[in-house]
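*Asks:* Got a structure for you, model00.cif, holding mmCIF, C-alpha atoms.
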data_coords
loop_
_atom_site.label_atom_id
_atom_site.label_comp_id
_atom_site.auth_asym_id
_atom_site.auth_seq_id
_atom_site.Cartn_x
_atom_site.Cartn_y
_atom_site.Cartn_z
CA MET A 15 90.36 96.02 108.17
CA THR A 16 92.80 93.25 107.34
CA THR A 17 94.67 91.73 110.23
CA SER A 18 97.55 89.32 110.02
CA VAL A 19 96.71 85.63 110.33
CA THR A 20 99.43 85.41 112.96
CA ALA A 21 98.05 88.28 115.04
CA ALA A 22 96.41 85.91 117.52
CA ASN A 23 99.46 83.64 117.65
CA PRO A 24 102.58 85.63 116.77
CA ILE A 25 104.70 82.59 117.57
CA LYS A 26 103.40 81.07 114.33
CA ARG A 27 105.07 83.72 112.22
CA ALA A 28 108.17 82.40 110.47
CA PRO A 29 111.40 84.32 111.07
CA ALA A 30 111.44 87.41 108.87
CA THR A 31 113.68 87.25 105.82
CA ASP A 32 114.22 90.58 104.11
CA GLY A 33 112.41 90.61 100.77
CA VAL A 34 110.20 87.57 101.41
CA LEU A 35 106.52 88.53 101.29
CA ASP A 36 104.65 88.42 104.57
CA ILE A 37 102.04 86.03 103.18
CA PHE A 38 104.59 83.20 103.07
CA LEU A 39 105.78 83.84 106.61
CA ASP A 40 102.36 84.54 108.13
CA ARG A 41 100.36 81.71 106.59
CA TRP A 42 99.78 78.91 109.06
CA SER A 43 97.11 76.27 109.68
CA PRO A 44 95.07 76.92 112.81
CA ARG A 45 92.43 74.58 114.18
CA SER A 46 90.60 77.23 116.19
CA PHE A 47 88.27 79.33 114.03
CA THR A 48 85.89 82.06 115.15
CA ASP A 49 82.30 82.05 113.93
CA ARG A 50 82.91 85.08 111.70
CA SER A 51 81.85 84.30 108.14
CA VAL A 52 83.97 84.98 105.06
CA SER A 53 82.40 87.56 102.75
CA ALA A 54 81.48 86.73 99.17
CA GLU A 55 83.83 89.54 98.09
CA ASP A 56 86.77 87.90 99.83
CA LEU A 57 85.89 84.44 98.51
CA LYS A 58 85.83 85.94 95.04
CA ARG A 59 89.29 87.44 95.56
CA ILE A 60 90.59 84.10 96.81
CA PHE A 61 89.32 82.12 93.82
CA GLU A 62 90.36 84.87 91.42
CA ALA A 63 93.94 84.44 92.67
CA ALA A 64 93.67 80.67 92.14
CA ARG A 65 92.19 81.12 88.68
CA TRP A 66 95.36 82.74 87.33
CA SER A 67 97.60 79.88 88.42
CA PRO A 68 99.76 78.20 85.79
CA SER A 69 99.05 74.66 84.62
CA SER A 70 100.37 72.15 82.14
CA SER A 71 99.09 73.20 78.67
CA ASN A 72 96.87 75.69 80.52
CA GLU A 73 94.53 72.79 81.27
CA GLN A 74 93.39 74.33 84.59
CA PRO A 75 92.45 70.88 85.92
CA TRP A 76 91.26 72.30 89.25
CA ARG A 77 87.69 72.48 90.53
CA PHE A 78 86.77 73.63 94.05
CA ILE A 79 83.58 72.45 95.73
CA VAL A 80 82.84 75.07 98.33
CA GLY A 81 80.64 74.47 101.35
CA ILE A 82 79.42 77.52 103.24
CA LYS A 83 78.30 76.71 106.80
CA GLY A 84 74.62 75.87 106.81
CA THR A 85 74.59 74.31 103.33
CA ASP A 86 74.31 70.64 102.39
CA THR A 87 77.74 70.80 100.79
CA PHE A 88 79.28 71.97 104.05
CA ASP A 89 77.64 69.14 105.99
CA LYS A 90 78.70 66.59 103.39
CA ILE A 91 82.32 67.69 103.62
CA VAL A 92 82.18 67.50 107.43
CA SER A 93 80.80 63.96 107.13
CA THR A 94 83.92 62.84 105.22
CA LEU A 95 86.40 64.03 107.86
CA GLY A 96 88.21 61.75 110.26
CA GLY A 97 87.23 62.23 113.88
CA PHE A 98 90.33 64.23 114.74
CA ASN A 99 89.57 66.78 112.01
CA GLN A 100 85.80 66.70 112.41
CA ALA A 101 86.12 67.85 116.01
CA TRP A 102 87.50 71.27 115.06
CA ALA A 103 86.79 71.80 111.35
CA HIS A 104 83.00 71.96 111.68
CA LYS A 105 83.43 75.36 113.37
CA ALA A 106 85.06 76.98 110.32
CA PRO A 107 82.63 79.05 108.22
CA VAL A 108 83.82 77.55 104.91
CA LEU A 109 85.06 74.11 103.91
CA LEU A 110 86.16 73.27 100.41
CA LEU A 111 87.29 70.19 98.55
CA GLY A 112 89.70 70.57 95.63
CA VAL A 113 89.68 68.03 92.79
CA ALA A 114 91.63 67.74 89.53
CA ARG A 115 90.76 66.34 86.11
CA LYS A 116 93.05 63.37 85.42
CA HIS A 117 93.18 63.61 81.61
CA PHE A 118 93.66 66.53 79.24
CA VAL A 119 90.42 67.70 77.67
CA LYS A 120 92.15 68.28 74.32
CA ASN A 121 93.32 64.71 73.70
CA ASP A 122 92.31 62.55 76.69
CA ALA A 123 95.99 61.82 77.47
CA PRO A 124 96.80 61.27 81.18
CA ASN A 125 97.78 64.52 82.90
CA HIS A 126 100.77 63.75 85.13
CA TYR A 127 100.43 67.27 86.52
CA ALA A 128 96.76 67.10 87.56
CA LEU A 129 97.35 67.01 91.33
CA PHE A 130 100.53 69.07 91.01
CA ASP A 131 98.65 71.89 89.29
CA LEU A 132 95.74 71.58 91.72
CA GLY A 133 98.39 72.08 94.41
CA GLN A 134 99.57 75.27 92.72
CA ALA A 135 96.05 76.70 92.55
CA THR A 136 95.43 75.61 96.13
CA ALA A 137 98.55 77.44 97.28
CA ALA A 138 97.20 80.60 95.61
CA ILE A 139 94.02 80.22 97.67
CA THR A 140 95.98 79.94 100.92
CA LEU A 141 98.25 82.89 100.09
CA GLU A 142 95.57 85.30 98.85
CA ALA A 143 93.56 84.35 101.93
CA ALA A 144 96.55 85.18 104.12
CA ALA A 145 96.80 88.57 102.41
CA LEU A 146 93.18 89.18 103.46
CA GLY A 147 93.80 88.12 107.06
CA ILE A 148 91.94 84.86 106.46
CA ALA A 149 93.32 81.57 107.75
CA THR A 150 93.29 78.22 105.94
CA HIS A 151 93.95 74.70 107.12
CA GLN A 152 94.21 71.83 104.67
CA MET A 153 93.44 68.24 105.54
CA GLY A 154 94.27 64.92 103.94
CA GLY A 155 92.56 63.13 106.82
CA PHE A 156 89.17 62.48 105.25
CA ASP A 157 87.57 59.55 103.44
CA HIS A 158 88.20 60.08 99.73
CA ASP A 159 85.62 57.48 98.68
CA ILE A 160 82.89 58.93 100.90
CA ALA A 161 83.74 62.40 99.60
CA ARG A 162 83.47 61.24 95.99
CA LYS A 163 80.11 59.63 96.64
CA ALA A 164 78.63 62.33 98.87
CA LEU A 165 79.60 65.16 96.54
CA GLY A 166 79.09 63.31 93.25
CA ILE A 167 82.68 63.73 92.04
CA PRO A 168 83.16 61.85 88.73
CA GLU A 169 85.88 59.17 88.62
CA GLU A 170 87.69 61.36 86.09
CA PHE A 171 88.63 63.78 88.88
CA ALA A 172 91.37 63.03 91.41
CA ILE A 173 90.71 64.03 95.00
CA GLY A 174 92.89 66.76 96.50
CA SER A 175 92.70 68.31 99.95
CA VAL A 176 89.84 69.55 102.10
CA MET A 177 90.45 73.09 103.35
CA ALA A 178 88.92 74.98 106.26
CA ILE A 179 88.75 78.75 105.64
CA GLY A 180 87.94 81.43 108.20
CA TYR A 181 89.34 83.63 110.95
CA VAL A 182 91.79 82.47 113.59
CA GLY A 183 90.14 81.84 116.93
CA ASP A 184 91.49 81.59 120.42
CA PRO A 185 93.49 78.42 121.15
CA SER A 186 91.66 78.14 124.46
CA ALA A 187 88.45 77.33 122.54
CA LEU A 188 89.98 73.97 121.59
CA PRO A 189 90.37 70.83 123.71
CA GLU A 190 93.82 70.80 125.30
CA SER A 191 95.18 68.10 122.98
CA TYR A 192 94.61 70.44 120.02
CA ALA A 193 95.53 73.66 121.76
CA LYS A 194 99.19 72.75 122.09
CA SER A 195 99.83 72.74 118.34
CA GLU A 196 98.20 76.18 118.09
CA THR A 197 100.90 77.73 120.20
CA SER A 198 104.10 75.93 119.17
CA PRO A 199 106.39 77.43 116.52
CA ARG A 200 106.16 76.14 112.95
CA SER A 201 109.14 74.11 111.81
CA ARG A 202 110.61 73.27 108.45
CA LYS A 203 113.65 71.47 107.04
CA PRO A 204 116.63 73.78 106.56
CA LEU A 205 117.05 75.26 103.07
CA ASP A 206 120.15 73.21 102.34
CA GLU A 207 118.08 70.01 102.50
CA VAL A 208 115.58 71.13 99.89
CA ALA A 209 117.46 73.45 97.50
CA LEU A 210 120.20 71.38 95.85
CA SER A 211 122.82 72.01 93.19
CA ALA A 212 122.88 68.27 92.44
CA TRP A 213 121.34 65.28 94.19
CA ASP A 214 122.51 65.36 97.85
CA GLU A 215 124.52 68.56 97.33
CA PRO A 216 123.18 71.74 98.93
CA LEU A 217 122.85 74.77 96.67
CA LYS A 218 125.24 77.52 97.79
CA LEU A 219 123.10 80.55 98.58
CA ASP A 220 125.43 82.69 100.73
CA MET B 29 114.87 98.08 91.95
CA THR B 30 112.08 95.58 91.49
CA THR B 31 110.13 95.85 88.27
CA SER B 32 106.94 94.05 87.46
CA VAL B 33 107.22 90.83 85.46
CA THR B 34 104.59 92.26 83.12
CA ALA B 35 106.48 95.54 82.55
CA ALA B 36 107.80 94.35 79.18
CA ASN B 37 104.44 92.88 78.15
CA PRO B 38 101.64 94.69 79.98
CA ILE B 39 99.11 92.73 77.94
CA LYS B 40 100.05 89.71 80.08
CA ARG B 41 98.73 91.31 83.23
CA ALA B 42 95.41 89.83 84.30
CA PRO B 43 92.53 92.28 84.78
CA ALA B 44 92.89 93.99 88.14
CA THR B 45 90.55 92.80 90.87
CA ASP B 46 90.47 95.02 93.93
CA GLY B 47 92.13 93.25 96.83
CA VAL B 48 93.86 90.53 94.80
CA LEU B 49 97.64 90.73 95.20
CA ASP B 50 99.60 91.86 92.16
CA ILE B 51 101.76 88.74 92.20
CA PHE B 52 98.80 86.59 91.11
CA LEU B 53 97.85 88.96 88.29
CA ASP B 54 101.38 89.74 87.14
CA ARG B 55 102.87 86.24 87.12
CA TRP B 56 103.11 84.83 83.62
CA SER B 57 105.36 82.40 81.78
CA PRO B 58 107.59 84.08 79.22
CA ARG B 59 109.90 82.25 76.82
CA SER B 60 112.18 85.22 76.19
CA PHE B 61 114.72 85.70 78.97
CA THR B 62 117.54 88.26 79.15
CA ASP B 63 121.03 87.12 80.10
CA ARG B 64 120.79 88.86 83.48
CA SER B 65 121.58 86.38 86.26
CA VAL B 66 119.48 85.89 89.38
CA SER B 67 121.34 86.86 92.55
CA ALA B 68 122.00 84.34 95.31
CA GLU B 69 120.09 86.68 97.64
CA ASP B 70 116.99 86.49 95.45
CA LEU B 71 117.27 82.72 95.02
CA LYS B 72 117.44 82.44 98.78
CA ARG B 73 114.27 84.53 99.13
CA ILE B 74 112.53 82.36 96.55
CA PHE B 75 113.37 79.08 98.27
CA GLU B 76 112.66 80.54 101.68
CA ALA B 77 109.11 81.28 100.51
CA ALA B 78 108.77 77.71 99.24
CA ARG B 79 110.18 76.29 102.46
CA TRP B 80 107.25 77.58 104.53
CA SER B 81 104.64 75.91 102.33
CA PRO B 82 102.16 73.56 103.98
CA SER B 83 102.27 69.82 103.37
CA SER B 84 100.48 66.69 104.48
CA SER B 85 101.78 65.81 107.99
CA ASN B 86 104.41 68.52 107.40
CA GLU B 87 106.31 65.96 105.32
CA GLN B 88 107.79 68.65 103.03
CA PRO B 89 108.25 66.09 100.24
CA TRP B 90 109.78 68.66 97.88
CA ARG B 91 113.38 68.88 96.68
CA PHE B 92 114.57 71.36 94.07
CA ILE B 93 117.61 70.59 91.91
CA VAL B 94 118.84 73.95 90.76
CA GLY B 95 121.05 74.47 87.72
CA ILE B 96 122.79 77.83 87.39
CA LYS B 97 123.89 78.58 83.83
CA GLY B 98 127.41 77.29 83.30
CA THR B 99 127.06 74.33 85.66
CA ASP B 100 126.76 70.64 84.82
CA THR B 101 123.32 70.56 86.44
CA PHE B 102 122.08 73.32 84.13
CA ASP B 103 123.36 71.47 81.05
CA LYS B 104 121.82 68.23 82.25
CA ILE B 105 118.42 69.85 82.67
CA VAL B 106 118.68 71.40 79.20
CA SER B 107 119.47 67.94 77.80
CA THR B 108 116.17 66.57 79.09
CA LEU B 109 114.01 69.20 77.38
CA GLY B 110 111.95 68.58 74.28
CA GLY B 111 113.13 70.52 71.22
CA PHE B 112 110.41 73.13 71.52
CA ASN B 113 111.44 74.00 75.08
CA GLN B 114 115.17 73.54 74.56
CA ALA B 115 115.16 76.25 71.90
CA TRP B 116 114.31 79.01 74.35
CA ALA B 117 114.94 77.67 77.87
CA HIS B 118 118.72 77.39 77.50
CA LYS B 119 118.87 81.20 77.57
CA ALA B 120 117.40 81.47 81.07
CA PRO B 121 120.03 81.95 83.81
CA VAL B 122 118.49 79.30 86.11
CA LEU B 123 116.71 76.00 85.46
CA LEU B 124 115.36 73.84 88.21
CA LEU B 125 113.70 70.48 88.51
CA GLY B 126 111.28 69.84 91.37
CA VAL B 127 110.80 66.32 92.74
CA ALA B 128 108.70 64.87 95.57
CA ARG B 129 109.22 61.93 97.92
CA LYS B 130 106.48 59.37 97.27
CA HIS B 131 106.24 57.87 100.76
CA PHE B 132 106.13 59.41 104.22
CA VAL B 133 109.45 59.21 106.03
CA LYS B 134 107.71 58.45 109.34
CA ASN B 135 105.98 55.22 108.28
CA ASP B 136 106.76 54.55 104.60
CA ALA B 137 103.05 54.83 103.71
CA PRO B 138 102.29 56.17 100.20
CA ASN B 139 101.89 59.96 100.21
CA HIS B 140 98.90 60.77 97.99
CA TYR B 141 99.83 64.44 98.37
CA ALA B 142 103.47 64.19 97.22
CA LEU B 143 103.02 65.93 93.85
CA PHE B 144 100.19 68.08 95.19
CA ASP B 145 102.42 69.47 97.93
CA LEU B 146 105.33 69.87 95.53
CA GLY B 147 102.90 71.94 93.47
CA GLN B 148 102.15 74.14 96.47
CA ALA B 149 105.85 74.78 97.16
CA THR B 150 106.43 75.37 93.45
CA ALA B 151 103.66 77.97 93.39
CA ALA B 152 105.41 79.76 96.26
CA ILE B 153 108.57 79.89 94.13
CA THR B 154 106.72 81.44 91.19
CA LEU B 155 104.90 83.98 93.37
CA GLU B 156 107.87 85.12 95.47
CA ALA B 157 109.84 85.38 92.22
CA ALA B 158 107.08 87.56 90.77
CA ALA B 159 107.31 89.79 93.85
CA LEU B 160 111.00 90.25 93.07
CA GLY B 161 110.36 91.08 89.41
CA ILE B 162 111.66 87.65 88.38
CA ALA B 163 109.85 85.57 85.78
CA THR B 164 109.30 81.82 85.85
CA HIS B 165 108.14 79.36 83.21
CA GLN B 166 107.35 75.77 84.09
CA MET B 167 107.59 72.91 81.64
CA GLY B 168 106.21 69.40 81.57
CA GLY B 169 107.74 68.88 78.12
CA PHE B 170 110.93 67.07 79.10
CA ASP B 171 111.99 63.44 79.30
CA HIS B 172 111.32 62.30 82.86
CA ASP B 173 113.43 59.16 82.50
CA ILE B 174 116.41 61.02 81.11
CA ALA B 175 116.06 63.60 83.88
CA ARG B 176 116.01 60.89 86.54
CA LYS B 177 119.11 59.25 85.11
CA ALA B 178 121.08 62.41 84.29
CA LEU B 179 120.46 63.97 87.71
CA GLY B 180 120.55 60.76 89.76
CA ILE B 181 117.03 61.12 91.15
CA PRO B 182 116.13 58.05 93.25
CA GLU B 183 113.03 56.05 92.23
CA GLU B 184 111.50 57.10 95.55
CA PHE B 185 111.04 60.63 94.21
CA ALA B 186 108.31 61.56 91.72
CA ILE B 187 109.25 63.98 88.98
CA GLY B 188 107.58 67.39 88.97
CA SER B 189 108.14 70.30 86.60
CA VAL B 190 111.23 71.93 85.15
CA MET B 191 111.21 75.69 85.69
CA ALA B 192 113.13 78.44 83.92
CA ILE B 193 113.86 81.43 86.17
CA GLY B 194 115.15 84.83 85.10
CA TYR B 195 114.22 88.23 83.74
CA VAL B 196 111.71 88.79 80.95
CA GLY B 197 113.38 89.52 77.60
CA ASP B 198 112.11 91.12 74.46
CA PRO B 199 109.68 88.99 72.43
CA SER B 200 111.58 89.97 69.29
CA ALA B 201 114.54 87.91 70.52
CA LEU B 202 112.49 84.75 69.88
CA PRO B 203 111.71 83.03 66.57
CA GLU B 204 108.36 84.24 65.27
CA SER B 205 106.53 81.03 66.15
CA TYR B 206 107.32 81.64 69.83
CA ALA B 207 106.99 85.40 69.78
CA LYS B 208 103.24 85.32 69.21
CA SER B 209 102.46 83.70 72.57
CA GLU B 210 104.59 86.35 74.31
CA THR B 211 102.24 89.09 73.23
CA SER B 212 98.77 87.53 73.44
CA PRO B 213 96.64 87.96 76.57
CA ARG B 214 96.54 85.17 79.13
CA SER B 215 93.25 83.33 79.35
CA ARG B 216 91.53 81.28 81.99
CA LYS B 217 88.20 79.54 82.54
CA PRO B 218 85.60 81.81 84.15
CA LEU B 219 85.28 81.58 87.93
CA ASP B 220 81.88 79.92 87.75
CA GLU B 221 83.43 76.87 86.07
CA VAL B 222 85.97 76.27 88.81
CA ALA B 223 84.37 77.49 92.07
CA LEU B 224 81.30 75.35 92.68
CA SER B 225 78.71 75.09 95.43
CA ALA B 226 78.05 71.47 94.39
CA TRP B 227 79.17 69.42 91.40
CA ASP B 228 78.18 71.35 88.24
CA GLU B 229 76.66 74.21 90.24
CA PRO B 230 78.53 77.53 90.23
CA LEU B 231 79.24 79.11 93.60
CA LYS B 232 77.34 82.39 93.97
CA LEU B 233 79.94 85.08 94.58
CA ASP B 234 78.06 88.27 93.70
#
What's the structure tokens form of this structure?

*Replies:*
Amino acid sequence: MTTSVTAANPIKRAPATDGVLDIFLDRWSPRSFTDRSVSAEDLKRIFEAARWSPSSSNEQPWRFIVGIKGTDTFDKIVSTLGGFNQAWAHKAPVLLLGVARKHFVKNDAPNHYALFDLGQATAAITLEAAALGIATHQMGGFDHDIARKALGIPEEFAIGSVMAIGYVGDPSALPESYAKSETSPRSRKPLDEVALSAWDEPLKLD
Amino acid sequence: MTTSVTAANPIKRAPATDGVLDIFLDRWSPRSFTDRSVSAEDLKRIFEAARWSPSSSNEQPWRFIVGIKGTDTFDKIVSTLGGFNQAWAHKAPVLLLGVARKHFVKNDAPNHYALFDLGQATAAITLEAAALGIATHQMGGFDHDIARKALGIPEEFAIGSVMAIGYVGDPSALPESYAKSETSPRSRKPLDEVALSAWDEPLKLD
């Protein structure tokens, strides 16, 4: 049975906007994960969603190195994390690292959209996961060089984010310094700062 | 009434996978757009979905410059497009350009995830649009320097993609050279090339 990823922390749900899909409003980035594993069926759904993402010239520059808890890959990803992230992320059942090919296969020209398109496919992962009641938390706080070396990522691939994937746990399972951010509302810039009709002019949407 | 973005071209729909949301399977990038405009209410929903995207340190580096047909901004975006894109994209009712702040506001450090996070917010736009029956088509084929100058984008912001937004039109409205890609199936790499358990090792998902 699918449950919402905000069920444990309803304060994390963004204010409802009629017609906006729940996955956008529900998706948030917890640090407390239960020890429940993610099924192969659900992982397949998550990567299937990512697979159909758009990319420049349909290059599909993305690759996802997926560590399931108990595997070498999982431990290697944990070893790259900064202390702040290591302290909570090792409890998630899945950790992945996304990377993106820097040049087009067809002509070896630089792909300006490598990380951009990896970001699009990564968003699909987070949103399909949310639809399945599965939480995700991305991290930039890891050592990119150690990750490249530990996981054998060729220089040709740019490093994206590490993502923890699993089920939202109880905030009380975290040290107090982490617990606070589990129970405070999410915040974003207002729409009129990000949707513009010209530089520095808000788009009129009402 | 919302209609699917693959209603006009069902061949564009990706093979159904049980449990994968329709928006991932239905989203595709047409070149034929009708002259139907996109309502302010729907644009608001689309940007609201993007607004709640995750980003490194919650920087939200994305800004979207939105040109509605008939405005200077629309014409300026058209002027940046390569001939191949200009020929069809001028018919869409909305064109936007996404850009991303290159440094963190809090400490002016370079943001490695600027374009990556712009990509995540851009994906939200395409997916919420798909949920509303609205098609999107991103382009990298435009002159980034002309775009920066014409739209007054500060050097501090990296250029992302231009996106056409509107309703799918009939393939027959396009010149034959474009029409073919409107009616051929979408293709992607198989899952075992992009979801890996270690470099060059497919993740076992069955």

*Asks:* Name the residues captured by the PyMOL selection byres ((chain A) within 6 of (chain B)) when it is applied to the shown file; answer as a list in words.

*Replies:*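 Checking the PyMOL selection byres ((chain A) within 6 of (chain B)) against this file, the residues are Val34, Phe38, Ala54, Lys58, Arg59, Ala63, Arg77, Phe78, Ile79, Val80, Leu129, Phe130, Asp131, Gly133, Gln134, Ala137, Val208, Ala209, Leu210, Ser211, Ala212 and Leu219 of chain A.
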
*Asks:* Counting all atoms listed in the file, what is within 10 Å of Asp198 (chain B), bar same-chain residues fewer than 6 positions away, as a list of chain:residue names?

*Replies:* B:Ala36, B:Asn37, B:Pro58, B:Arg59, B:Ser60, B:Phe61, B:Thr62, B:Ala207, B:Glu210

*Asks:* Which value, in Å to one decimal, gives the distance between CA of Ala144 (chain A) and CA of Gly183 (chain A)?

*Replies:*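 Computed distance, CA of Ala144 (chain A) to CA of Gly183 (chain A), equals 14.7 Å.
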
*Asks:* Under the rule that only C-alpha atoms are counted, which of A:Asp159, A:Ala106, A:Asn121, A:Thr94 is the nearest residue to Val182 (chain A)?

*Replies:*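 Among the listed residues, A:Ala106 lies closest to Val182 (chain A).
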
*Asks:* I need every residue sitting at most 8 Å from the point (121.1, 88.5, 83.5) (coordinates as in the file, only C-alpha atoms considered), written as a PyMOL selection string.

*Replies:* chain B and resi 62-66+121+194-195

*Asks:* Would you put the residues from that selection into a file with C-alpha atoms, as a PDB file, keeping the file's coordinate frame?

*Replies:*
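part22.pdb, written as the output of this step:
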ATOM      1  CA  THR B  62     117.540  88.260  79.150  1.00  0.00           C
ATOM      2  CA  ASP B  63     121.030  87.120  80.100  1.00  0.00           C
ATOM      3  CA  ARG B  64     120.790  88.860  83.480  1.00  0.00           C
ATOM      4  CA  SER B  65     121.580  86.380  86.260  1.00  0.00           C
ATOM      5  CA  VAL B  66     119.480  85.890  89.380  1.00  0.00           C
ATOM      6  CA  PRO B 121     120.030  81.950  83.810  1.00  0.00           C
ATOM      7  CA  GLY B 194     115.150  84.830  85.100  1.00  0.00           C
ATOM      8  CA  TYR B 195     114.220  88.230  83.740  1.00  0.00           C
TER       9      TYR B 195
END

*Asks:* For Gly110 (chain B), list every protein, DNA or RNA residue within 12 Å, evaluated using only C-alpha atoms, and leave out those in the same chain fewer than 4 positions away; present the list as an mmCIF file with C-alpha atoms, in the coordinates of the input.

*Replies:*
data_model
loop_
_atom_site.group_PDB
_atom_site.id
_atom_site.type_symbol
_atom_site.label_atom_id
_atom_site.label_comp_id
_atom_site.auth_asym_id
_atom_site.auth_seq_id
_atom_site.Cartn_x
_atom_site.Cartn_y
_atom_site.Cartn_z
ATOM 1 C CA ILE B 105 118.420 69.850 82.670
ATOM 2 C CA VAL B 106 118.680 71.400 79.200
ATOM 3 C CA GLN B 114 115.170 73.540 74.560
ATOM 4 C CA ALA B 115 115.160 76.250 71.900
ATOM 5 C CA TRP B 116 114.310 79.010 74.350
ATOM 6 C CA ALA B 117 114.940 77.670 77.870
ATOM 7 C CA HIS B 118 118.720 77.390 77.500
ATOM 8 C CA MET B 167 107.590 72.910 81.640
ATOM 9 C CA GLY B 168 106.210 69.400 81.570
ATOM 10 C CA GLY B 169 107.740 68.880 78.120
ATOM 11 C CA PHE B 170 110.930 67.070 79.100
ATOM 12 C CA ASP B 171 111.990 63.440 79.300
ATOM 13 C CA HIS B 172 111.320 62.300 82.860
ATOM 14 C CA ILE B 174 116.410 61.020 81.110
ATOM 15 C CA ALA B 175 116.060 63.600 83.880
ATOM 16 C CA VAL B 190 111.230 71.930 85.150
#

*Asks:* What does the distance from CA of Leu109 (chain B) to CA of Lys177 (chain B) come to in Å, to one decimal?

*Replies:*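 Taking CA of Leu109 (chain B) as the start and CA of Lys177 (chain B) as the end point, the length is 13.6 Å.
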
*Asks:* Which residue is closest to Asp103 (chain B)? Choose from B:Thr164, B:Thr31, B:Ala178, B:Ala128 and count all atoms listed in the file.

*Replies:* B:Ala178

*Asks:* Could you add all heavy atoms to region 70-75 of chain B and give me the result as a PDB file, in the frame of the given file?

*Replies:*
ATOM      1  N   ASP B  70     118.360  86.679  95.929  1.00  0.00           N
ATOM      2  CA  ASP B  70     116.990  86.490  95.450  1.00  0.00           C
ATOM      3  C   ASP B  70     116.625  84.998  95.401  1.00  0.00           C
ATOM      4  O   ASP B  70     115.489  84.620  95.725  1.00  0.00           O
ATOM      5  CB  ASP B  70     116.783  87.158  94.086  1.00  0.00           C
ATOM      6  CG  ASP B  70     116.507  88.657  94.215  1.00  0.00           C
ATOM      7  OD1 ASP B  70     116.279  89.126  95.359  1.00  0.00           O
ATOM      8  OD2 ASP B  70     116.521  89.362  93.194  1.00  0.00           O
ATOM      9  N   LEU B  71     117.564  84.156  95.006  1.00  0.00           N
ATOM     10  CA  LEU B  71     117.270  82.720  95.020  1.00  0.00           C
ATOM     11  C   LEU B  71     116.947  82.262  96.437  1.00  0.00           C
ATOM     12  O   LEU B  71     116.029  81.474  96.667  1.00  0.00           O
ATOM     13  CB  LEU B  71     118.453  81.911  94.462  1.00  0.00           C
ATOM     14  CG  LEU B  71     118.622  81.953  92.943  1.00  0.00           C
ATOM     15  CD1 LEU B  71     119.883  81.185  92.541  1.00  0.00           C
ATOM     16  CD2 LEU B  71     117.400  81.363  92.223  1.00  0.00           C
ATOM     17  N   LYS B  72     117.690  82.796  97.383  1.00  0.00           N
ATOM     18  CA  LYS B  72     117.440  82.440  98.780  1.00  0.00           C
ATOM     19  C   LYS B  72     116.034  82.860  99.204  1.00  0.00           C
ATOM     20  O   LYS B  72     115.316  82.092  99.863  1.00  0.00           O
ATOM     21  CB  LYS B  72     118.494  83.104  99.677  1.00  0.00           C
ATOM     22  CG  LYS B  72     118.505  82.577 101.088  1.00  0.00           C
ATOM     23  CD  LYS B  72     119.746  83.048 101.825  1.00  0.00           C
ATOM     24  CE  LYS B  72     119.730  82.541 103.256  1.00  0.00           C
ATOM     25  NZ  LYS B  72     120.972  82.917 103.961  1.00  0.00           N
ATOM     26  N   ARG B  73     115.628  84.063  98.807  1.00  0.00           N
ATOM     27  CA  ARG B  73     114.270  84.530  99.130  1.00  0.00           C
ATOM     28  C   ARG B  73     113.217  83.603  98.521  1.00  0.00           C
ATOM     29  O   ARG B  73     112.208  83.272  99.145  1.00  0.00           O
ATOM     30  CB  ARG B  73     114.071  85.951  98.596  1.00  0.00           C
ATOM     31  CG  ARG B  73     114.919  86.983  99.317  1.00  0.00           C
ATOM     32  CD  ARG B  73     114.725  88.384  98.729  1.00  0.00           C
ATOM     33  NE  ARG B  73     115.509  89.331  99.520  1.00  0.00           N
ATOM     34  CZ  ARG B  73     116.539  90.033  99.067  1.00  0.00           C
ATOM     35  NH1 ARG B  73     116.910  89.934  97.796  1.00  0.00           N
ATOM     36  NH2 ARG B  73     117.205  90.850  99.861  1.00  0.00           N
ATOM     37  N   ILE B  74     113.475  83.207  97.288  1.00  0.00           N
ATOM     38  CA  ILE B  74     112.530  82.360  96.550  1.00  0.00           C
ATOM     39  C   ILE B  74     112.357  81.008  97.238  1.00  0.00           C
ATOM     40  O   ILE B  74     111.238  80.512  97.429  1.00  0.00           O
ATOM     41  CB  ILE B  74     113.016  82.225  95.086  1.00  0.00           C
ATOM     42  CG1 ILE B  74     112.737  83.515  94.313  1.00  0.00           C
ATOM     43  CG2 ILE B  74     112.408  81.010  94.412  1.00  0.00           C
ATOM     44  CD1 ILE B  74     113.420  83.602  92.948  1.00  0.00           C
ATOM     45  N   PHE B  75     113.467  80.396  97.627  1.00  0.00           N
ATOM     46  CA  PHE B  75     113.370  79.080  98.270  1.00  0.00           C
ATOM     47  C   PHE B  75     112.899  79.177  99.710  1.00  0.00           C
ATOM     48  O   PHE B  75     112.287  78.254 100.235  1.00  0.00           O
ATOM     49  CB  PHE B  75     114.704  78.319  98.158  1.00  0.00           C
ATOM     50  CG  PHE B  75     115.007  77.915  96.748  1.00  0.00           C
ATOM     51  CD1 PHE B  75     116.058  78.470  96.048  1.00  0.00           C
ATOM     52  CD2 PHE B  75     114.188  76.998  96.096  1.00  0.00           C
ATOM     53  CE1 PHE B  75     116.305  78.124  94.725  1.00  0.00           C
ATOM     54  CE2 PHE B  75     114.422  76.639  94.778  1.00  0.00           C
ATOM     55  CZ  PHE B  75     115.485  77.202  94.091  1.00  0.00           C
TER      56      PHE B  75
END
